[in-house]
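Engineer: Just passing along the structure, written as structure tokens.
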Amino acid sequence: MNHDSMPTRNNPSQTNDIGARTDHRLGQIVRLLTDHPMLVVSGTKIAEELGTGRSEVWRLIEQLRELGVAIEGHPTEGYRLVSIPDLLLPEMLAPKLKGTIFAENIQHYYRVGSTSAAAMQAAAEGEREGAVFIAEEQTSGKGRGGHDWDSASSVGIYCSVILRPNLAPADVLVISLAAGLAVFAAAEELTGIRPDLRWPNDVLFGDKKFCGILTELNAEVTRVRYVVVGIGMNINQESFSGELQDIATSVRIETGRSWSRVDFVAALLKSLDREYRALLDGSVSAHKSILHRFEQRSSYARRREVHVEENGGYDGVTEGLDSRGFLQVRAADGLRTVLSGGVRARNAKI
């Protein structure tokens, strides 16, 4: 598991197996049944809502059941949800995101190679800003440096968004930092537990990682064409195996209870929307505010003994962020600026 964040360039033609987008009618059925939680909804009514026949409704209901949605009933009697499914469907998310740039174009996959690969390909083809790509499971989730991200089905959040900021390529790091602040705010708001930010954008509970962010861009020399921010969050995992058990955690492990992933995604994207809109006003104060708040919320930003995985690796003590958002580390040979390397506490496993 490693879904780190630094701006990286990506060739949109070199994508993973994207996978098929979820049939939007599945979300319509879930929404309809959710709106009538105590009632049996007839196959005829569902067919009318979908503009299809009852036999097609039966096929779609069976597909939802195969995906783990508990639905009682059959064609002659109608259907009822046994419990509200924790699926990240557009029909479940969009009402919670009204007023944000992310509400209008949510693209859902039950299984995808990588949400960021799907988003990068769509952005290259002209997809508009604010498009959200979200999956129940990733088969090729990646982080910075090509590390794998463990993407178990329907327990985590695997989400990427397209942004088209009016920024120079050298300034894109601030978006990664803003995304980290958005994750921090969402996690603290919902759980009451204060997480930690490790530059460039790992989010931790204690000394274990529960979220990583990968920011990729396509740019000209002086202008960013588009940015894809990919966020992987461990929400309802009960445990991790192998080497992950020493370095990874989840919201469920930390709190002792399961959580609605829909609520987490909504809180995350609303917070990211606020951060991004403030940044787009172009003011110096908005940029400085992101850097200042990141330093305040990160135990790694200042006076932390760290090991930097850059230029062969070196040890030092952190001395805050520079004006662009890069981490400064006082090493044996003087003050260094970390441009792309990973940073971890000295002698730590992650």
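Ligands are numbered from 1 in the order shown, residues from 1 within each chain, and chains are lettered A, B, ... in the order they appear in the structure tokens.
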Do you know which residues are at most 10 Å from range 46-60 of chain A counting only C-alpha atoms, after dropping those on the same chain fewer than 5 positions away, and could you put them as a ChimeraX atom specification?

Structural biologist: /A:23-26,28-29,32-33,41,65-66,74-76,78-79

Engineer: Include all heavy atoms and write out the residues we just selected as a compact mmCIF listing (two decimals), in the first residue's frame.

Structural biologist:
# COMPACT_ATOMS: atom_id res chain seq x y z
N ASP A 23 -23.57 0.63 -15.14
CA ASP A 23 -24.85 0.92 -15.79
C ASP A 23 -25.64 1.87 -14.89
O ASP A 23 -25.95 1.54 -13.75
CB ASP A 23 -25.61 -0.39 -16.00
CG ASP A 23 -26.88 -0.21 -16.82
OD1 ASP A 23 -27.47 0.88 -16.80
OD2 ASP A 23 -27.30 -1.20 -17.47
N HIS A 24 -25.95 3.06 -15.40
CA HIS A 24 -26.60 4.07 -14.55
C HIS A 24 -27.95 3.60 -14.04
O HIS A 24 -28.45 4.09 -13.02
CB HIS A 24 -26.76 5.38 -15.33
CG HIS A 24 -27.78 5.32 -16.43
ND1 HIS A 24 -29.09 5.69 -16.25
CD2 HIS A 24 -27.69 4.90 -17.71
CE1 HIS A 24 -29.75 5.52 -17.37
NE2 HIS A 24 -28.93 5.05 -18.27
N ARG A 25 -28.55 2.61 -14.69
CA ARG A 25 -29.85 2.12 -14.25
C ARG A 25 -29.76 1.39 -12.91
O ARG A 25 -30.73 1.36 -12.14
CB ARG A 25 -30.46 1.21 -15.32
CG ARG A 25 -30.78 1.95 -16.62
CD ARG A 25 -31.28 1.00 -17.69
NE ARG A 25 -30.29 -0.03 -17.99
CZ ARG A 25 -30.52 -1.05 -18.83
NH1 ARG A 25 -31.70 -1.17 -19.43
NH2 ARG A 25 -29.57 -1.94 -19.06
N LEU A 26 -28.59 0.82 -12.60
CA LEU A 26 -28.41 0.19 -11.30
C LEU A 26 -28.54 1.22 -10.18
O LEU A 26 -29.18 0.98 -9.16
CB LEU A 26 -27.06 -0.52 -11.22
CG LEU A 26 -26.81 -1.65 -12.22
CD1 LEU A 26 -25.42 -2.25 -12.00
CD2 LEU A 26 -27.87 -2.73 -12.11
N GLN A 28 -30.17 4.02 -10.41
CA GLN A 28 -31.56 4.46 -10.37
C GLN A 28 -32.42 3.52 -9.54
O GLN A 28 -33.29 3.96 -8.77
CB GLN A 28 -32.12 4.56 -11.80
CG GLN A 28 -31.58 5.72 -12.61
CD GLN A 28 -32.16 5.73 -14.01
OE1 GLN A 28 -31.70 5.02 -14.89
NE2 GLN A 28 -33.19 6.53 -14.21
N ILE A 29 -32.18 2.21 -9.70
CA ILE A 29 -32.95 1.24 -8.92
C ILE A 29 -32.65 1.39 -7.43
O ILE A 29 -33.56 1.41 -6.60
CB ILE A 29 -32.64 -0.20 -9.39
CG1 ILE A 29 -33.20 -0.43 -10.80
CG2 ILE A 29 -33.24 -1.22 -8.43
CD1 ILE A 29 -32.80 -1.77 -11.40
N LEU A 32 -34.34 4.48 -6.12
CA LEU A 32 -35.78 4.31 -6.00
C LEU A 32 -36.14 3.47 -4.78
O LEU A 32 -37.05 3.82 -4.01
CB LEU A 32 -36.32 3.65 -7.28
CG LEU A 32 -37.84 3.42 -7.35
CD1 LEU A 32 -38.58 4.75 -7.25
CD2 LEU A 32 -38.20 2.70 -8.64
N LEU A 33 -35.42 2.37 -4.58
CA LEU A 33 -35.70 1.52 -3.42
C LEU A 33 -35.32 2.20 -2.11
O LEU A 33 -35.97 2.02 -1.09
CB LEU A 33 -34.95 0.19 -3.57
CG LEU A 33 -35.39 -0.70 -4.74
CD1 LEU A 33 -34.54 -1.97 -4.79
CD2 LEU A 33 -36.87 -1.06 -4.65
N VAL A 41 -41.62 -2.21 -3.82
CA VAL A 41 -41.82 -1.45 -5.05
C VAL A 41 -42.02 -2.43 -6.19
O VAL A 41 -41.20 -3.33 -6.40
CB VAL A 41 -40.63 -0.52 -5.34
CG1 VAL A 41 -40.89 0.31 -6.59
CG2 VAL A 41 -40.36 0.39 -4.14
N ARG A 65 -27.80 -7.93 -6.90
CA ARG A 65 -27.61 -8.98 -5.89
C ARG A 65 -26.23 -9.61 -6.00
O ARG A 65 -25.57 -9.89 -4.99
CB ARG A 65 -28.69 -10.03 -6.04
CG ARG A 65 -30.06 -9.59 -5.53
CD ARG A 65 -31.15 -10.55 -5.95
NE ARG A 65 -32.42 -10.25 -5.26
CZ ARG A 65 -33.60 -10.69 -5.67
NH1 ARG A 65 -33.68 -11.46 -6.76
NH2 ARG A 65 -34.69 -10.38 -4.99
N GLU A 66 -25.76 -9.82 -7.24
CA GLU A 66 -24.43 -10.39 -7.44
C GLU A 66 -23.35 -9.45 -6.92
O GLU A 66 -22.27 -9.89 -6.52
CB GLU A 66 -24.20 -10.67 -8.93
CG GLU A 66 -25.04 -11.82 -9.48
CD GLU A 66 -24.92 -11.94 -10.98
OE1 GLU A 66 -24.13 -11.17 -11.58
OE2 GLU A 66 -25.62 -12.79 -11.57
N HIS A 74 -39.36 -10.70 -5.85
CA HIS A 74 -39.22 -11.24 -7.20
C HIS A 74 -40.24 -10.55 -8.10
O HIS A 74 -41.06 -9.74 -7.63
CB HIS A 74 -39.38 -12.76 -7.20
CG HIS A 74 -40.59 -13.25 -6.50
ND1 HIS A 74 -41.86 -13.19 -7.03
CD2 HIS A 74 -40.73 -13.81 -5.27
CE1 HIS A 74 -42.73 -13.70 -6.18
NE2 HIS A 74 -42.08 -14.09 -5.10
N PRO A 75 -40.21 -10.81 -9.42
CA PRO A 75 -41.01 -10.03 -10.37
C PRO A 75 -42.49 -9.94 -10.06
O PRO A 75 -43.12 -8.90 -10.30
CB PRO A 75 -40.76 -10.74 -11.70
CG PRO A 75 -39.41 -11.35 -11.55
CD PRO A 75 -39.33 -11.77 -10.11
N THR A 76 -43.09 -11.00 -9.51
CA THR A 76 -44.53 -10.97 -9.30
C THR A 76 -44.96 -10.16 -8.09
O THR A 76 -46.09 -9.66 -8.04
CB THR A 76 -45.08 -12.42 -9.14
OG1 THR A 76 -44.42 -13.04 -8.04
CG2 THR A 76 -44.84 -13.22 -10.42
N GLY A 78 -42.70 -7.70 -6.45
CA GLY A 78 -41.97 -6.46 -6.30
C GLY A 78 -40.71 -6.64 -5.45
O GLY A 78 -40.37 -7.77 -5.06
N TYR A 79 -40.05 -5.53 -5.14
CA TYR A 79 -38.72 -5.60 -4.53
C TYR A 79 -38.60 -4.62 -3.36
O TYR A 79 -39.22 -3.56 -3.34
CB TYR A 79 -37.63 -5.27 -5.56
CG TYR A 79 -37.74 -6.11 -6.82
CD1 TYR A 79 -38.39 -5.61 -7.95
CD2 TYR A 79 -37.22 -7.40 -6.86
CE1 TYR A 79 -38.50 -6.37 -9.10
CE2 TYR A 79 -37.32 -8.17 -8.01
CZ TYR A 79 -37.97 -7.65 -9.14
OH TYR A 79 -38.09 -8.43 -10.27

Engineer: Please list as a PyMOL selection string every residue within 12 Å of His307 in chain A, counting only C-alpha atoms and excluding residues in the same chain fewer than 2 positions away.

Structural biologist: chain A and resi 300+304-305+309-318+329-331+338+341-350

Engineer: DSSP on the backbone, helix (DSSP H, G or I) only: what residues of range 54-248 of chain A does that give? Format it as a PyMOL selection string.

Structural biologist: chain A and resi 54-66+90-97+115-124+144-146+169-171+173-191+244-247

Engineer: Tell me which of A:Arg225, A:Arg252, A:Lys270, A:Arg297 sits closest to Trp199 in chain A, counting only C-alpha atoms.

Structural biologist: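 Going through A:Arg225, A:Arg252, A:Lys270, A:Arg297 one by one, the smallest distance to Trp199 in chain A is for A:Arg297.
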
Engineer: For a quick check of understanding, using only C-alpha atoms, which of A:Phe326, A:Ser83, A:Ala168, A:Ile162 has the smallest distance to Glu125 in chain A?

Structural biologist: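 Of A:Phe326, A:Ser83, A:Ala168, A:Ile162, the one nearest Glu125 in chain A, counting only C-alpha atoms, is A:Ile162.
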
Engineer: Tell me which of A:Met38, A:Ala123, A:Ala178, A:Leu88 sits closest to Glu72 in chain A, counting only C-alpha atoms.

Structural biologist: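 Distance minimum relative to Glu72 in chain A lands on A:Met38.
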